[in-house]
Amino acid sequence: MSEILDAIVIGGGLVGSSAAWRLAARGRSVVQLEQFGPGHKHGASHGTSRIYRQAYDNHLYTGLAADALPLWRELETTTDIGFLELTGAVDHGLPQAVQSKAKILLEAGIKGEILTPAEASARWPGLRFDTTVLHHPDAGRLHADRAVTALKAGAVFAGAEVRHDVRVLALARASYGVDVVTDSGTLAARQVVIAAGAWTADLIAAGAWTADLIADSGLGSEIVLPTLRTTQEQPAHFAPLDPGVEWPSFVHHTGAELETAGIYGLGSEDGIKIGEHATGPVVTPQTRDYTPGVDGEQRLVEYAESWLPGVDSTRVESLTCLYTSTPDSNFVIDRVGAVTVAAGFSGHGFKFGPALGELVADLVDGTTIAPEVFRLGER
């Protein structure tokens, strides 16, 4: 009989790699499985830029973001791969949206300050600001590709095995936990972590390329996912007029001077990235076309013309990515029996990576229960 592992992690993106790292760091025997090759662009974890910030409307997310920061720094030190730059971040727009985040930061003891639009524009001339501005310095940007590479390297350094180009076909209950059937053989584990992004529902519900063994074995009978909605989003990069100008990460909340969808943005090595949040068409991983829409690009160009005096709005490069979202935009991180599910990160999960890995590891170890808003079930 083959070795019985402590945990098999299905999924090689941000959360799967974070879970593999944190489980291996605890001395657990771990194999991580990813259906595509290293650095692929089919999921939600690729690219050069993601926002890191701690400003949220509740203590759970603010606390998780704060917990992630020292773990990100530990990972950089362990792997000698740099990927996190603290540039500061700003929220601006609807005063109620901005003030609620300032309140949570204050209550959490995290630095933050309220600025007027004129004060903010003097500090960051590449941006034009709307009504009320919150600046929090312990924020910035992550290089997504390098961060995922570092997470996998950290997992391997801690003793995990990472296997690419391995497709999971089915899961089956076993006396010791779970058998994971792949296109290159069957693996045995006491626990399995499903962190498969847009493929999660297929794995659990025995749809698409997953066999009926999940439902027949009972593994899926108690796993009730909220509705997971996958969309193809299309941010864009704009060329900065002055490459020497500093750019914070930023979120522009709709409802004051901005009447269209809210906008997020940040500097990156590819230019100034901006995007709308969760406005793209519904797709599946199999039906997405990787082609940015003309209308979506035009909306971002119009935003840049009005609100980003520091970019050349005529020099734009659009791209696509996947969001897999829950109805309430809260994550799914919960355990049923030998299966832990981590899914539905709703376009804002990257910043939390290693803190989410810690939570998954705690669930696998049985030392915690999931926060109520992260639990499985209909929403």
# chains A, B, ... in the order shown; residues from 1 in each chain; ligands from 1

call {"tool": "residues_around", "arguments": {"residues": "Leu69 in chain A", "least_positions_apart": "3", "cutoff": "12 Å", "atoms": "only C-alpha atoms", "output": "NGL selection string"}}
result
:A and (52-54 or 62-66 or 72-76 or 83-86 or 138-142 or 350-356)

call {"tool": "select_by_dssp", "arguments": {"residues": "range 135-243 of chain A", "states": "strand (DSSP E or B)", "output": "PyMOL selection string"}}
result
chain A and resi 135-136+140-142+161-163+168-174+177-182+185-194+229-233+236-240

call {"tool": "write_last_selection", "arguments": {"atoms": "N, CA and C atoms", "output": "short mmCIF file (atom, residue, chain, number, x, y, z; two decimals), in the first residue's frame"}}
result
data_model
loop_
_atom_site.label_atom_id
_atom_site.label_comp_id
_atom_site.auth_asym_id
_atom_site.auth_seq_id
_atom_site.Cartn_x
_atom_site.Cartn_y
_atom_site.Cartn_z
N HIS A 135 -5.81 57.33 4.23
CA HIS A 135 -4.49 56.80 3.90
C HIS A 135 -4.06 55.85 5.01
N HIS A 136 -3.64 54.65 4.65
CA HIS A 136 -3.06 53.72 5.63
C HIS A 136 -1.71 53.23 5.09
N GLY A 140 0.08 48.21 0.37
CA GLY A 140 0.88 48.35 -0.85
C GLY A 140 0.48 47.37 -1.92
N ARG A 141 1.48 46.63 -2.44
CA ARG A 141 1.21 45.76 -3.57
C ARG A 141 2.05 44.49 -3.50
N LEU A 142 1.49 43.43 -4.04
CA LEU A 142 2.15 42.14 -4.14
C LEU A 142 2.35 41.79 -5.60
N GLU A 161 5.72 18.14 -1.20
CA GLU A 161 5.99 17.82 -2.59
C GLU A 161 4.95 18.51 -3.45
N VAL A 162 5.40 19.24 -4.47
CA VAL A 162 4.50 19.96 -5.37
C VAL A 162 4.54 19.28 -6.72
N ARG A 163 3.37 18.85 -7.20
CA ARG A 163 3.28 18.17 -8.49
C ARG A 163 2.41 18.98 -9.43
N VAL A 168 -6.86 15.84 -11.12
CA VAL A 168 -7.64 15.04 -10.19
C VAL A 168 -8.92 14.59 -10.88
N LEU A 169 -9.17 13.27 -10.85
CA LEU A 169 -10.34 12.70 -11.51
C LEU A 169 -11.47 12.43 -10.54
N ALA A 170 -11.15 12.07 -9.30
CA ALA A 170 -12.20 11.72 -8.34
C ALA A 170 -11.62 11.66 -6.94
N LEU A 171 -12.51 11.75 -5.97
CA LEU A 171 -12.19 11.52 -4.57
C LEU A 171 -13.05 10.36 -4.08
N ALA A 172 -12.52 9.57 -3.16
CA ALA A 172 -13.29 8.47 -2.60
C ALA A 172 -12.96 8.31 -1.13
N ARG A 173 -13.98 8.02 -0.35
CA ARG A 173 -13.77 7.78 1.07
C ARG A 173 -12.93 6.52 1.26
N ALA A 174 -12.05 6.57 2.26
CA ALA A 174 -11.25 5.41 2.64
C ALA A 174 -11.25 5.30 4.16
N GLY A 177 -9.17 7.97 5.53
CA GLY A 177 -9.47 9.34 5.14
C GLY A 177 -10.00 9.43 3.73
N VAL A 178 -9.10 9.69 2.76
CA VAL A 178 -9.52 9.96 1.39
C VAL A 178 -8.52 9.36 0.41
N ASP A 179 -9.05 8.76 -0.66
CA ASP A 179 -8.24 8.44 -1.83
C ASP A 179 -8.46 9.52 -2.87
N VAL A 180 -7.38 10.05 -3.43
CA VAL A 180 -7.44 11.04 -4.49
C VAL A 180 -6.98 10.37 -5.77
N VAL A 181 -7.91 10.20 -6.69
CA VAL A 181 -7.63 9.51 -7.96
C VAL A 181 -7.22 10.55 -8.99
N THR A 182 -6.03 10.38 -9.56
CA THR A 182 -5.52 11.33 -10.54
C THR A 182 -5.22 10.61 -11.85
N GLY A 185 -2.29 8.20 -11.18
CA GLY A 185 -2.33 7.24 -10.09
C GLY A 185 -3.19 7.73 -8.94
N THR A 186 -3.29 6.90 -7.91
CA THR A 186 -4.11 7.21 -6.74
C THR A 186 -3.23 7.49 -5.54
N LEU A 187 -3.55 8.55 -4.81
CA LEU A 187 -2.84 8.93 -3.60
C LEU A 187 -3.77 8.78 -2.41
N ALA A 188 -3.20 8.44 -1.27
CA ALA A 188 -3.97 8.24 -0.04
C ALA A 188 -3.59 9.30 0.98
N ALA A 189 -4.59 9.82 1.68
CA ALA A 189 -4.33 10.85 2.69
C ALA A 189 -5.36 10.79 3.79
N ARG A 190 -4.96 11.29 4.94
CA ARG A 190 -5.91 11.41 6.05
C ARG A 190 -6.86 12.58 5.84
N GLN A 191 -6.38 13.62 5.17
CA GLN A 191 -7.19 14.81 4.92
C GLN A 191 -6.93 15.29 3.50
N VAL A 192 -7.94 15.94 2.91
CA VAL A 192 -7.75 16.58 1.61
C VAL A 192 -8.23 18.02 1.72
N VAL A 193 -7.51 18.91 1.07
CA VAL A 193 -7.88 20.32 0.97
C VAL A 193 -8.22 20.60 -0.48
N ILE A 194 -9.43 21.08 -0.72
CA ILE A 194 -9.84 21.47 -2.07
C ILE A 194 -9.74 22.99 -2.17
N ARG A 229 -20.02 31.85 -8.34
CA ARG A 229 -20.22 32.51 -9.63
C ARG A 229 -18.86 32.91 -10.19
N THR A 230 -18.49 32.38 -11.34
CA THR A 230 -17.21 32.70 -11.95
C THR A 230 -17.40 33.70 -13.08
N THR A 231 -16.63 34.76 -13.04
CA THR A 231 -16.71 35.80 -14.05
C THR A 231 -15.32 36.08 -14.63
N GLN A 232 -15.32 36.52 -15.88
CA GLN A 232 -14.08 36.96 -16.52
C GLN A 232 -13.99 38.47 -16.40
N GLU A 233 -13.06 38.91 -15.56
CA GLU A 233 -12.86 40.34 -15.35
C GLU A 233 -11.76 40.87 -16.26
N ALA A 236 -6.90 46.78 -16.63
CA ALA A 236 -6.04 47.30 -17.70
C ALA A 236 -4.85 48.01 -17.08
N HIS A 237 -3.76 48.04 -17.82
CA HIS A 237 -2.57 48.80 -17.42
C HIS A 237 -2.45 50.04 -18.30
N PHE A 238 -2.16 51.17 -17.64
CA PHE A 238 -1.93 52.44 -18.33
C PHE A 238 -0.49 52.88 -18.12
N ALA A 239 0.07 53.49 -19.12
CA ALA A 239 1.45 53.97 -19.01
C ALA A 239 1.50 55.23 -18.15
N PRO A 240 2.37 55.28 -17.13
CA PRO A 240 2.50 56.51 -16.33
C PRO A 240 3.22 57.59 -17.13
#

call {"tool": "residues_around", "arguments": {"residues": "Glu257 in chain A", "least_positions_apart": "4", "cutoff": "8 Å", "atoms": "only C-alpha atoms", "output": "number ranges by chain"}}
result
A: 93-94, 130-131

call {"tool": "closest_residue", "arguments": {"among": "A:Ser49, A:Thr368, A:Ser121, A:Ser2", "to": "Pro309 in chain A", "atoms": "only C-alpha atoms"}}
result
A:Ser121

call {"tool": "closest_residue", "arguments": {"among": "A:Gly357, A:Gly27, A:Pro137, A:Gly88", "to": "Ile110 in chain A", "atoms": "only C-alpha atoms"}}
result
A:Pro137

call {"tool": "closest_residue", "arguments": {"among": "A:Ala144, A:Leu359, A:Leu203, A:Val301", "to": "His40 in chain A", "atoms": "only C-alpha atoms"}}
result
A:Ala144

call {"tool": "residues_around", "arguments": {"residues": "range 310-324 of chain A", "least_positions_apart": "3", "cutoff": "8 Å", "atoms": "only C-alpha atoms", "output": "mmCIF file with N, CA, C and O atoms, in the first residue's frame"}}
result
data_model
loop_
_atom_site.group_PDB
_atom_site.id
_atom_site.type_symbol
_atom_site.label_atom_id
_atom_site.label_comp_id
_atom_site.auth_asym_id
_atom_site.auth_seq_id
_atom_site.Cartn_x
_atom_site.Cartn_y
_atom_site.Cartn_z
ATOM 1 N N HIS A 42 -4.501 30.332 -16.287
ATOM 2 C CA HIS A 42 -5.883 29.879 -16.443
ATOM 3 C C HIS A 42 -6.749 30.134 -15.212
ATOM 4 O O HIS A 42 -7.961 29.965 -15.282
ATOM 5 N N GLY A 43 -6.162 30.519 -14.112
ATOM 6 C CA GLY A 43 -6.916 30.687 -12.880
ATOM 7 C C GLY A 43 -7.008 32.138 -12.440
ATOM 8 O O GLY A 43 -7.154 33.046 -13.264
ATOM 9 N N ALA A 44 -6.864 32.355 -11.130
ATOM 10 C CA ALA A 44 -7.050 33.688 -10.565
ATOM 11 C C ALA A 44 -5.814 34.223 -9.857
ATOM 12 O O ALA A 44 -5.876 35.295 -9.258
ATOM 13 N N PRO A 125 0.340 63.084 -6.881
ATOM 14 C CA PRO A 125 -0.178 63.892 -7.995
ATOM 15 C C PRO A 125 -0.704 63.082 -9.169
ATOM 16 O O PRO A 125 -1.359 63.643 -10.048
ATOM 17 N N GLY A 126 -0.460 61.802 -9.196
ATOM 18 C CA GLY A 126 -0.985 60.991 -10.281
ATOM 19 C C GLY A 126 -2.470 60.698 -10.166
ATOM 20 O O GLY A 126 -3.086 60.238 -11.124
ATOM 21 N N LEU A 127 -3.052 60.989 -8.986
ATOM 22 C CA LEU A 127 -4.454 60.692 -8.725
ATOM 23 C C LEU A 127 -5.241 61.964 -8.468
ATOM 24 O O LEU A 127 -4.716 62.933 -7.909
ATOM 25 N N GLY A 197 -10.209 26.889 -6.866
ATOM 26 C CA GLY A 197 -10.706 28.065 -7.549
ATOM 27 C C GLY A 197 -12.001 27.804 -8.301
ATOM 28 O O GLY A 197 -12.960 27.244 -7.768
ATOM 29 N N ALA A 198 -12.023 28.193 -9.569
ATOM 30 C CA ALA A 198 -13.228 28.061 -10.381
ATOM 31 C C ALA A 198 -13.608 26.614 -10.658
ATOM 32 O O ALA A 198 -14.707 26.346 -11.148
ATOM 33 N N LEU A 228 -21.326 29.454 -6.318
ATOM 34 C CA LEU A 228 -20.072 30.060 -6.736
ATOM 35 C C LEU A 228 -20.237 30.573 -8.169
ATOM 36 O O LEU A 228 -20.571 29.801 -9.073
ATOM 37 N N ARG A 229 -20.017 31.852 -8.340
ATOM 38 C CA ARG A 229 -20.224 32.508 -9.632
ATOM 39 C C ARG A 229 -18.855 32.913 -10.191
ATOM 40 O O ARG A 229 -18.133 33.691 -9.568
ATOM 41 N N THR A 230 -18.494 32.383 -11.339
ATOM 42 C CA THR A 230 -17.208 32.696 -11.954
ATOM 43 C C THR A 230 -17.404 33.698 -13.076
ATOM 44 O O THR A 230 -18.248 33.507 -13.962
ATOM 45 N N THR A 231 -16.628 34.765 -13.036
ATOM 46 C CA THR A 231 -16.707 35.802 -14.053
ATOM 47 C C THR A 231 -15.323 36.076 -14.632
ATOM 48 O O THR A 231 -14.297 35.860 -13.983
ATOM 49 N N GLN A 232 -15.317 36.524 -15.879
ATOM 50 C CA GLN A 232 -14.076 36.955 -16.521
ATOM 51 C C GLN A 232 -13.985 38.470 -16.396
ATOM 52 O O GLN A 232 -14.744 39.208 -17.021
ATOM 53 N N GLU A 233 -13.056 38.913 -15.562
ATOM 54 C CA GLU A 233 -12.860 40.344 -15.348
ATOM 55 C C GLU A 233 -11.760 40.865 -16.263
ATOM 56 O O GLU A 233 -10.936 40.099 -16.770
ATOM 57 N N GLN A 234 -11.737 42.200 -16.452
ATOM 58 C CA GLN A 234 -10.717 42.748 -17.337
ATOM 59 C C GLN A 234 -10.153 44.066 -16.832
ATOM 60 O O GLN A 234 -10.610 45.144 -17.199
ATOM 61 N N PRO A 235 -9.153 43.982 -15.988
ATOM 62 C CA PRO A 235 -8.417 45.190 -15.634
ATOM 63 C C PRO A 235 -7.550 45.640 -16.809
ATOM 64 O O PRO A 235 -7.496 44.980 -17.852
ATOM 65 N N ALA A 236 -6.900 46.777 -16.630
ATOM 66 C CA ALA A 236 -6.043 47.299 -17.696
ATOM 67 C C ALA A 236 -4.850 48.014 -17.079
ATOM 68 O O ALA A 236 -4.922 48.535 -15.956
ATOM 69 N N HIS A 237 -3.757 48.037 -17.816
ATOM 70 C CA HIS A 237 -2.567 48.795 -17.423
ATOM 71 C C HIS A 237 -2.454 50.044 -18.297
ATOM 72 O O HIS A 237 -2.629 49.974 -19.518
ATOM 73 N N PHE A 238 -2.159 51.168 -17.639
ATOM 74 C CA PHE A 238 -1.928 52.435 -18.334
ATOM 75 C C PHE A 238 -0.487 52.875 -18.118
ATOM 76 O O PHE A 238 0.077 52.682 -17.024
ATOM 77 N N ALA A 239 0.067 53.488 -19.116
ATOM 78 C CA ALA A 239 1.449 53.965 -19.010
ATOM 79 C C ALA A 239 1.500 55.226 -18.147
ATOM 80 O O ALA A 239 0.749 56.185 -18.396
ATOM 81 N N PRO A 240 2.372 55.282 -17.127
ATOM 82 C CA PRO A 240 2.500 56.506 -16.332
ATOM 83 C C PRO A 240 3.217 57.587 -17.130
ATOM 84 O O PRO A 240 4.135 57.302 -17.907
ATOM 85 N N LEU A 241 2.795 58.827 -16.929
ATOM 86 C CA LEU A 241 3.472 59.937 -17.610
ATOM 87 C C LEU A 241 4.862 60.166 -17.045
ATOM 88 O O LEU A 241 5.785 60.544 -17.778
ATOM 89 N N ASP A 242 5.022 59.956 -15.754
ATOM 90 C CA ASP A 242 6.314 60.125 -15.095
ATOM 91 C C ASP A 242 6.590 58.865 -14.285
ATOM 92 O O ASP A 242 6.004 58.672 -13.213
ATOM 93 N N ILE A 272 0.283 51.359 -14.549
ATOM 94 C CA ILE A 272 -0.710 51.618 -13.510
ATOM 95 C C ILE A 272 -1.932 50.767 -13.820
ATOM 96 O O ILE A 272 -2.604 50.968 -14.826
ATOM 97 N N ALA A 278 -15.821 42.930 -10.092
ATOM 98 C CA ALA A 278 -16.907 41.968 -10.311
ATOM 99 C C ALA A 278 -17.997 42.482 -11.242
ATOM 100 O O ALA A 278 -19.177 42.410 -10.953
ATOM 101 N N TYR A 290 -10.640 34.685 -22.800
ATOM 102 C CA TYR A 290 -9.387 35.420 -22.583
ATOM 103 C C TYR A 290 -9.321 36.722 -23.382
ATOM 104 O O TYR A 290 -8.256 37.342 -23.473
ATOM 105 N N THR A 291 -10.457 37.157 -23.921
ATOM 106 C CA THR A 291 -10.458 38.342 -24.779
ATOM 107 C C THR A 291 -11.132 39.507 -24.062
ATOM 108 O O THR A 291 -12.324 39.430 -23.740
ATOM 109 N N PRO A 292 -10.419 40.607 -23.799
ATOM 110 C CA PRO A 292 -11.056 41.765 -23.159
ATOM 111 C C PRO A 292 -12.136 42.358 -24.050
ATOM 112 O O PRO A 292 -12.014 42.375 -25.283
ATOM 113 N N GLU A 297 -13.007 48.079 -21.661
ATOM 114 C CA GLU A 297 -11.794 48.883 -21.808
ATOM 115 C C GLU A 297 -12.139 50.365 -21.917
ATOM 116 O O GLU A 297 -11.465 51.218 -21.316
ATOM 117 N N VAL A 301 -10.767 53.557 -19.732
ATOM 118 C CA VAL A 301 -10.127 54.722 -20.369
ATOM 119 C C VAL A 301 -10.813 56.005 -19.909
ATOM 120 O O VAL A 301 -10.144 56.999 -19.559
ATOM 121 N N ALA A 304 -9.742 56.781 -16.421
ATOM 122 C CA ALA A 304 -8.381 57.315 -16.387
ATOM 123 C C ALA A 304 -8.351 58.771 -16.839
ATOM 124 O O ALA A 304 -7.629 59.602 -16.261
ATOM 125 N N GLU A 305 -9.126 59.106 -17.852
ATOM 126 C CA GLU A 305 -9.176 60.488 -18.331
ATOM 127 C C GLU A 305 -9.674 61.434 -17.240
ATOM 128 O O GLU A 305 -9.202 62.573 -17.140
ATOM 129 N N ALA A 343 -12.536 28.306 -0.959
ATOM 130 C CA ALA A 343 -13.008 28.727 -2.287
ATOM 131 C C ALA A 343 -13.713 30.070 -2.188
ATOM 132 O O ALA A 343 -13.912 30.618 -1.107
ATOM 133 N N GLY A 344 -14.089 30.598 -3.353
ATOM 134 C CA GLY A 344 -14.935 31.788 -3.413
ATOM 135 C C GLY A 344 -14.265 33.035 -2.875
ATOM 136 O O GLY A 344 -14.861 33.780 -2.103
ATOM 137 N N PHE A 345 -13.060 33.327 -3.336
ATOM 138 C CA PHE A 345 -12.325 34.453 -2.773
ATOM 139 C C PHE A 345 -12.678 35.788 -3.411
ATOM 140 O O PHE A 345 -12.119 36.823 -3.068
ATOM 141 N N SER A 346 -13.617 35.772 -4.315
ATOM 142 C CA SER A 346 -14.408 36.937 -4.708
ATOM 143 C C SER A 346 -13.589 38.150 -5.128
ATOM 144 O O SER A 346 -13.990 39.289 -4.926
ATOM 145 N N GLY A 347 -12.414 37.889 -5.689
ATOM 146 C CA GLY A 347 -11.626 38.973 -6.245
ATOM 147 C C GLY A 347 -10.872 39.814 -5.240
ATOM 148 O O GLY A 347 -10.234 40.799 -5.613
#

call {"tool": "closest_residue", "arguments": {"among": "A:Gly159, A:Gly47, A:Phe129, A:Tyr56", "to": "Lys101 in chain A", "atoms": "only C-alpha atoms"}}
result
A:Tyr56

call {"tool": "select_by_dssp", "arguments": {"residues": "range 37-126 of chain A", "states": "helix (DSSP H, G or I)", "output": "PyMOL selection string"}}
result
chain A and resi 59-79+95-108+117-123

call {"tool": "atom_distance", "arguments": {"atom1": "CA of Pro38 in chain A", "atom2": "CA of His348 in chain A"}}
result
22.3 Å

call {"tool": "closest_residue", "arguments": {"among": "A:Gly82, A:Thr48, A:Pro285, A:Ala256", "to": "Ala196 in chain A", "atoms": "only C-alpha atoms"}}
result
A:Pro285

call {"tool": "closest_residue", "arguments": {"among": "A:Ile8, A:Trp247, A:Glu107, A:Glu3", "to": "Thr340 in chain A", "atoms": "only C-alpha atoms"}}
result
A:Ile8

call {"tool": "residues_around", "arguments": {"residues": "Gly255 in chain A", "least_positions_apart": "3", "cutoff": "12 Å", "atoms": "only C-alpha atoms", "output": "VMD selection string"}}
result
chain A and resid 92 to 98 130 to 132 252 258 to 263

call {"tool": "write_last_selection", "arguments": {"atoms": "all heavy atoms", "output": "compact mmCIF listing (two decimals), in the first residue's frame"}}
result
# COMPACT_ATOMS: atom_id res chain seq x y z
N HIS A 92 -10.93 56.38 -1.21
CA HIS A 92 -11.56 57.70 -1.32
C HIS A 92 -12.92 57.55 -2.00
O HIS A 92 -13.25 56.52 -2.58
CB HIS A 92 -10.65 58.69 -2.06
CG HIS A 92 -10.41 58.40 -3.51
ND1 HIS A 92 -10.91 59.19 -4.52
CD2 HIS A 92 -9.69 57.43 -4.13
CE1 HIS A 92 -10.49 58.73 -5.69
NE2 HIS A 92 -9.76 57.65 -5.49
N GLY A 93 -13.73 58.58 -1.87
CA GLY A 93 -15.06 58.54 -2.45
C GLY A 93 -16.13 58.72 -1.39
O GLY A 93 -16.02 59.60 -0.53
N LEU A 94 -17.17 57.90 -1.45
CA LEU A 94 -18.31 58.02 -0.55
C LEU A 94 -17.83 58.10 0.91
O LEU A 94 -17.19 57.17 1.40
CB LEU A 94 -19.23 56.82 -0.73
CG LEU A 94 -20.54 56.86 0.07
CD1 LEU A 94 -21.45 57.96 -0.47
CD2 LEU A 94 -21.24 55.51 -0.01
N PRO A 95 -18.13 59.19 1.62
CA PRO A 95 -17.60 59.36 2.97
C PRO A 95 -17.93 58.21 3.92
O PRO A 95 -17.08 57.79 4.71
CB PRO A 95 -18.22 60.68 3.43
CG PRO A 95 -18.45 61.44 2.17
CD PRO A 95 -18.82 60.42 1.15
N GLN A 96 -19.18 57.68 3.84
CA GLN A 96 -19.55 56.59 4.74
C GLN A 96 -18.66 55.36 4.52
O GLN A 96 -18.27 54.69 5.48
CB GLN A 96 -21.02 56.20 4.54
CG GLN A 96 -22.01 57.31 4.85
CD GLN A 96 -22.40 58.09 3.60
OE1 GLN A 96 -21.54 58.57 2.85
NE2 GLN A 96 -23.71 58.21 3.37
N ALA A 97 -18.35 55.06 3.26
CA ALA A 97 -17.50 53.90 2.96
C ALA A 97 -16.09 54.10 3.49
O ALA A 97 -15.46 53.17 4.00
CB ALA A 97 -17.48 53.66 1.45
N VAL A 98 -15.60 55.31 3.36
CA VAL A 98 -14.23 55.60 3.81
C VAL A 98 -14.16 55.64 5.33
O VAL A 98 -13.26 55.06 5.96
CB VAL A 98 -13.76 56.93 3.20
CG1 VAL A 98 -12.39 57.33 3.75
CG2 VAL A 98 -13.72 56.84 1.67
N ASP A 130 -11.64 62.15 -4.43
CA ASP A 130 -13.08 62.37 -4.34
C ASP A 130 -13.50 62.49 -2.87
O ASP A 130 -13.41 61.51 -2.11
CB ASP A 130 -13.76 61.17 -5.02
CG ASP A 130 -15.28 61.21 -5.00
OD1 ASP A 130 -15.84 62.14 -4.45
OD2 ASP A 130 -15.88 60.27 -5.57
N THR A 131 -13.93 63.65 -2.43
CA THR A 131 -14.55 64.00 -1.14
C THR A 131 -13.73 63.66 0.10
O THR A 131 -13.25 64.55 0.77
CB THR A 131 -15.96 63.38 -1.00
OG1 THR A 131 -15.87 61.96 -0.94
CG2 THR A 131 -16.87 63.80 -2.14
N THR A 132 -13.56 62.38 0.43
CA THR A 132 -12.90 61.98 1.67
C THR A 132 -11.85 60.93 1.36
O THR A 132 -12.10 60.00 0.59
CB THR A 132 -13.93 61.39 2.66
OG1 THR A 132 -14.96 62.34 2.88
CG2 THR A 132 -13.27 61.04 3.99
N HIS A 252 -11.41 53.46 -5.16
CA HIS A 252 -12.31 54.61 -5.33
C HIS A 252 -13.74 54.08 -5.20
O HIS A 252 -14.22 53.33 -6.05
CB HIS A 252 -12.09 55.25 -6.70
CG HIS A 252 -12.82 56.54 -6.87
ND1 HIS A 252 -12.67 57.32 -8.00
CD2 HIS A 252 -13.70 57.23 -6.08
CE1 HIS A 252 -13.42 58.40 -7.90
NE2 HIS A 252 -14.06 58.36 -6.74
N LEU A 258 -18.20 59.70 -8.03
CA LEU A 258 -18.12 58.59 -8.97
C LEU A 258 -19.47 57.89 -9.03
O LEU A 258 -19.96 57.36 -8.03
CB LEU A 258 -17.04 57.59 -8.53
CG LEU A 258 -16.82 56.39 -9.45
CD1 LEU A 258 -16.28 56.84 -10.80
CD2 LEU A 258 -15.89 55.38 -8.80
N GLU A 259 -20.08 57.89 -10.21
CA GLU A 259 -21.41 57.30 -10.36
C GLU A 259 -21.37 55.93 -11.03
O GLU A 259 -22.38 55.22 -11.03
CB GLU A 259 -22.30 58.25 -11.17
CG GLU A 259 -22.54 59.59 -10.48
CD GLU A 259 -23.38 60.53 -11.32
OE1 GLU A 259 -23.67 60.18 -12.48
OE2 GLU A 259 -23.75 61.60 -10.81
N THR A 260 -20.24 55.56 -11.60
CA THR A 260 -20.11 54.25 -12.23
C THR A 260 -19.62 53.24 -11.20
O THR A 260 -19.63 53.51 -9.99
CB THR A 260 -19.13 54.34 -13.41
OG1 THR A 260 -17.87 54.82 -12.94
CG2 THR A 260 -19.67 55.29 -14.47
N ALA A 261 -19.21 52.06 -11.64
CA ALA A 261 -18.71 51.04 -10.73
C ALA A 261 -17.48 51.53 -9.99
O ALA A 261 -16.69 52.35 -10.51
CB ALA A 261 -18.37 49.77 -11.51
N GLY A 262 -17.30 51.05 -8.76
CA GLY A 262 -16.09 51.37 -8.01
C GLY A 262 -14.85 50.85 -8.73
O GLY A 262 -14.91 49.91 -9.53
N ILE A 263 -13.73 51.49 -8.45
CA ILE A 263 -12.48 51.19 -9.14
C ILE A 263 -11.39 50.89 -8.12
O ILE A 263 -11.28 51.56 -7.09
CB ILE A 263 -12.03 52.39 -10.01
CG1 ILE A 263 -13.04 52.67 -11.13
CG2 ILE A 263 -10.63 52.16 -10.58
CD1 ILE A 263 -13.03 51.67 -12.27

call {"tool": "residues_around", "arguments": {"residues": "Phe374 in chain A", "least_positions_apart": "3", "cutoff": "8 Å", "atoms": "only C-alpha atoms", "output": "list in words"}}
result
Asn330, Phe331, Val332, Ile333, Asp334, Ala370 and Pro371 of chain A

call {"tool": "atom_distance", "arguments": {"atom1": "CA of Arg299 in chain A", "atom2": "CA of Leu14 in chain A"}}
result
29.0 Å

call {"tool": "atom_distance", "arguments": {"atom1": "CA of Gly112 in chain A", "atom2": "CA of Gly275 in chain A"}}
result
24.1 Å
